[in-house]
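J.: If you scroll down you'll find the structure; I have some questions about it.
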Amino acid sequence: MTLYDELVARGLIAQVTNEEEIKKMINEGKATFYIGFDPTADSLHVGHFMALCLMKRLQMAGNKPIALLGGGTGMIGDPSGKSDMRKMLTPETIQHNIDCFKKQMSRFIDFSDGKAIMVNNADWLMDLNYIDVLREVGACFSVNKMLSFECYKQRWERGLTFLEFNYMIMQSYDFYMLYQKYGCNMQFGGDDQWANMLGGTELIRKKLGKDAHAMTITLLLNSEGKKMGKTEKGAVWLDPEKTSPFEFFQYWRNVADADVMKCIRMLTFLPIEEIEAMSGWEGSQLNKAKEILAYELTKLVHGEEEANKALDAAKALFGGKGNTENMPTTELELPEGKIGILDLMVATKLVNSKREARTLIAGKGVAVNDVIVEDPNAEIVIDGEVIIRKGKKVYHKVVRK
């Protein structure tokens, strides 16, 4: 099976602009491709995970990734998939987020010896002359065509700022610059980015001629990927300080039955033949598949040692062995040795507010040492350690300092 065929079999390819040529370049390791990441937070999250795995797969086959950090486009904000304008970030915040992204990406992509490069589009976007942009770039875009794309349609009724309207032009210009500066001949992105990506391909051809070989490809699940990793507590981050390896493991261990095989295909590096042998699994076998998924992805993001710890902790927890060594833990100074359940839920960051904790307790969604808490005014004695369970699947250990 060729690499391109494998990407199709894994459900990663949605649309392409020139399938035969793209297939040839990828299979022969001749693609220099980019994927963009706007630094809207100080950590990558599960929504970025599929793109990082794709970059790793392509690099392993000899293709050259370009990780494009959106120091420039991050100043504007992509309207795609948004119902409201994205919060404006300061240049200092954007730079901090970029520095965090760089460290995390290096766990997936090999940047040594020119095998991959990392660039910041602020290097060319921030120094652009407005009149030059209007004349040289703006003239290549049809407003009527731009408004026909879904990313703008969905915002039209609620209001679309001129600032956001320029995002497509900026992203298209990125591809144009990467093509000229680094020989980038291919761009990848989610299905919600299709319009922006087509804009980049067309800009290259209009500026450099019809013979310019710039191609576009989209991933199948990126719009779903942006929903992926959303929990009651917020996003599932790749930074272990924001989402612990155990929590990361548990997130994947608890995916819906209908999604587990799809996630294994798209995100793990298990051989296709092995995955196909699992495709008919049902019932209790799906729990084994979820465990495999959780272990493989935790190992990829946090390393084998942390994956083993998370696996051992999960087995101990659900097997009733009582070993909580690797469970997420909060240490509290409690002079009197006790704390109200509402304060405890907030202190462990299992909830964002006492109001949220009250709602959970009212729905019998909180347990301490496997005993359901029914009284929101209850005080919990912390003598040694206690285990809090939120819902059916979120566990947290609390110890007294």
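Simple scheme: letters A, B, ... for chains in structure tokens order, numbers from 1 for residues in each chain, numbers from 1 for ligands in the order shown.
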With a distance cut-off of 12 Å and only C-alpha atoms, select the neighbouring residues of Gly365 of chain A, excluding the residue or stretch itself and same-chain residues fewer than 3 positions from it, and output the selection as a list in words.

T.: Met345, Leu350, Val351, Glu356, Ala357, Arg358, Thr359, Leu360, Ile361, Ala362, Val368, Asp370, Val371, Ile372, Val373, Glu374, Asp375, Pro376, Ile388, Arg389, Lys390, Gly391, Lys392, Lys393, Val394 and Tyr395 of chain A

J.: Show me, as number ranges by chain, the residues that have an atom within 8 Å of Asn18 of chain A when counting only C-alpha atoms, minus same-chain residues fewer than 4 positions from it.

T.: A: 22, 215-216

J.: Using N, CA and C atoms, can you write the selected residues to a file as a PDB file, in the first residue's frame?

T.:
```pdb
ATOM      1  N   ILE A  22      -0.524  14.934  -6.819  1.00  0.00           N
ATOM      2  CA  ILE A  22      -0.320  14.918  -5.371  1.00  0.00           C
ATOM      3  C   ILE A  22       0.096  13.525  -4.908  1.00  0.00           C
ATOM      4  N   MET A 215      -0.358  22.909  -5.013  1.00  0.00           N
ATOM      5  CA  MET A 215      -1.512  22.022  -4.867  1.00  0.00           C
ATOM      6  C   MET A 215      -2.099  22.080  -3.475  1.00  0.00           C
ATOM      7  N   THR A 216      -3.357  21.721  -3.399  1.00  0.00           N
ATOM      8  CA  THR A 216      -4.117  21.832  -2.165  1.00  0.00           C
ATOM      9  C   THR A 216      -4.714  20.491  -1.792  1.00  0.00           C
TER      10      THR A 216
END
```

J.: Go through A:Ala294, A:Val386, A:Val119, A:Ala316 one by one, measure the shortest atom-to-atom distance of each to Ile341 of chain A using only C-alpha atoms, and give the residue with the smallest value.

T.: A:Val386

J.: Counting only C-alpha atoms, which residues of segment 300-382 of chain A fall within 8 Å of segment 247-269 of chain A, and what is the closest atom pair for each with its distance in Å at one decimal, ordered by chain and rising number, as JSON lines?

T.:
```
{"residue": "A:Ala307", "atom": "CA", "partner": "A:Phe249", "partner_atom": "CA", "distance": 7.6}
{"residue": "A:Ala310", "atom": "CA", "partner": "A:Phe249", "partner_atom": "CA", "distance": 6.4}
{"residue": "A:Leu311", "atom": "CA", "partner": "A:Phe249", "partner_atom": "CA", "distance": 7.6}
{"residue": "A:Ala314", "atom": "CA", "partner": "A:Gln250", "partner_atom": "CA", "distance": 7.7}
{"residue": "A:Pro328", "atom": "CA", "partner": "A:Glu247", "partner_atom": "CA", "distance": 7.4}
```

J.: Could you please take those selected residues and save C-alpha atoms as a short mmCIF file (atom, residue, chain, number, x, y, z; two decimals), in the first residue's frame?

T.:
```cif
data_model
loop_
_atom_site.label_atom_id
_atom_site.label_comp_id
_atom_site.auth_asym_id
_atom_site.auth_seq_id
_atom_site.Cartn_x
_atom_site.Cartn_y
_atom_site.Cartn_z
CA ALA A 307 1.83 6.09 29.04
CA ALA A 310 -1.39 6.15 33.04
CA LEU A 311 -2.27 2.62 31.93
CA ALA A 314 -6.36 3.25 35.00
CA PRO A 328 -3.92 13.56 39.14
#
```

J.: List every residue of segment 14-81 of chain A that DSSP, applied to the backbone of this structure, assigns to helix (DSSP H, G or I), and report them as a list of chain:residue names.

T.: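 Matching residues for helix (DSSP H, G or I) in segment 14-81 of chain A are A:Glu19, A:Glu20, A:Glu21, A:Ile22, A:Lys23, A:Lys24, A:Met25, A:Ile26, A:Asn27, A:Val46, A:Gly47, A:His48, A:Phe49, A:Met50, A:Ala51, A:Leu52, A:Cys53, A:Leu54, A:Met55, A:Lys56, A:Arg57, A:Leu58, A:Gln59, A:Met60, A:Thr73, A:Gly74, A:Met75.
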
J.: Need the shell around Gln171 of chain A: protein/DNA/RNA residues with any atom at most 8 Å away, counting only C-alpha atoms. Skip same-chain ones fewer than 3 positions apart. Format as number ranges by chain?

T.: A: 73, 167-168, 174-175, 196-197, 200

J.: Write out the residues from the selection above, keeping C-alpha atoms, as a PDB file, in the first residue's frame.

T.:
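Final output, result_17.pdb:
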```pdb
ATOM      1  CA  THR A  73      -2.541  35.962  10.986  1.00  0.00           C
ATOM      2  CA  TYR A 167      -7.927  36.637   6.675  1.00  0.00           C
ATOM      3  CA  MET A 168      -8.330  34.691   3.438  1.00  0.00           C
ATOM      4  CA  ASP A 174       1.353  32.797   3.163  1.00  0.00           C
ATOM      5  CA  PHE A 175       1.293  30.031   0.551  1.00  0.00           C
ATOM      6  CA  ASN A 196      -8.625  29.853   2.179  1.00  0.00           C
ATOM      7  CA  MET A 197      -6.431  27.150   0.693  1.00  0.00           C
ATOM      8  CA  GLY A 200      -3.548  30.460  -1.979  1.00  0.00           C
TER       9      GLY A 200
END
```

J.: To one decimal place in Å, what is the distance between atom CA of Tyr130 of chain A and atom CA of Phe165 of chain A?

T.: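 Atom CA of Tyr130 of chain A sits 14.8 Å away from atom CA of Phe165 of chain A.
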
J.: With a distance cut-off of 10 Å and only C-alpha atoms, select the neighbouring residues of Lys206 of chain A, excluding the residue or stretch itself and same-chain residues fewer than 6 positions from it, and output the selection as an mmCIF file with N, CA and C atoms, in the first residue's frame.

T.:
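out_21.cif, written as the output of this step:
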```cif
data_model
loop_
_atom_site.group_PDB
_atom_site.id
_atom_site.type_symbol
_atom_site.label_atom_id
_atom_site.label_comp_id
_atom_site.auth_asym_id
_atom_site.auth_seq_id
_atom_site.Cartn_x
_atom_site.Cartn_y
_atom_site.Cartn_z
ATOM 1 N N VAL A 137 -2.095 42.010 -4.368
ATOM 2 C CA VAL A 137 -2.773 40.810 -3.872
ATOM 3 C C VAL A 137 -4.288 40.940 -3.949
ATOM 4 N N CYS A 140 -6.337 40.137 -7.028
ATOM 5 C CA CYS A 140 -6.473 38.741 -7.462
ATOM 6 C C CYS A 140 -7.696 38.041 -6.860
ATOM 7 N N GLY A 200 -5.001 30.480 -1.868
ATOM 8 C CA GLY A 200 -3.548 30.460 -1.979
ATOM 9 C C GLY A 200 -3.073 29.837 -3.275
ATOM 10 N N ALA A 212 2.824 27.159 -12.527
ATOM 11 C CA ALA A 212 3.262 27.032 -11.136
ATOM 12 C C ALA A 212 2.565 25.835 -10.500
#
```

J.: Wanna dump the segment 22-133 of chain A-segment 233-243 of chain A contacts at 10 Å for me, each residue with its shortest atom pair and the distance in Å to one decimal, counting only C-alpha atoms, ordered by chain and number, as a Markdown table?

T.:
```
| residue | atom | partner | partner_atom | distance |
| --- | --- | --- | --- | --- |
| A:Ala41 | CA | A:Trp237 | CA | 10.0 |
| A:Asp42 | CA | A:Asp239 | CA | 8.8 |
| A:Ser43 | CA | A:Asp239 | CA | 6.0 |
| A:Leu44 | CA | A:Leu238 | CA | 5.7 |
| A:His45 | CA | A:Trp237 | CA | 4.1 |
| A:Val46 | CA | A:Val236 | CA | 5.8 |
| A:Gly47 | CA | A:Val236 | CA | 8.5 |
| A:His48 | CA | A:Leu238 | CA | 9.2 |
| A:Phe49 | CA | A:Leu238 | CA | 8.5 |
| A:Cys100 | CA | A:Asp239 | CA | 9.0 |
| A:Phe101 | CA | A:Asp239 | CA | 9.7 |
| A:Lys103 | CA | A:Asp239 | CA | 9.9 |
| A:Gln104 | CA | A:Asp239 | CA | 7.6 |
| A:Met105 | CA | A:Leu238 | CA | 10.0 |
```
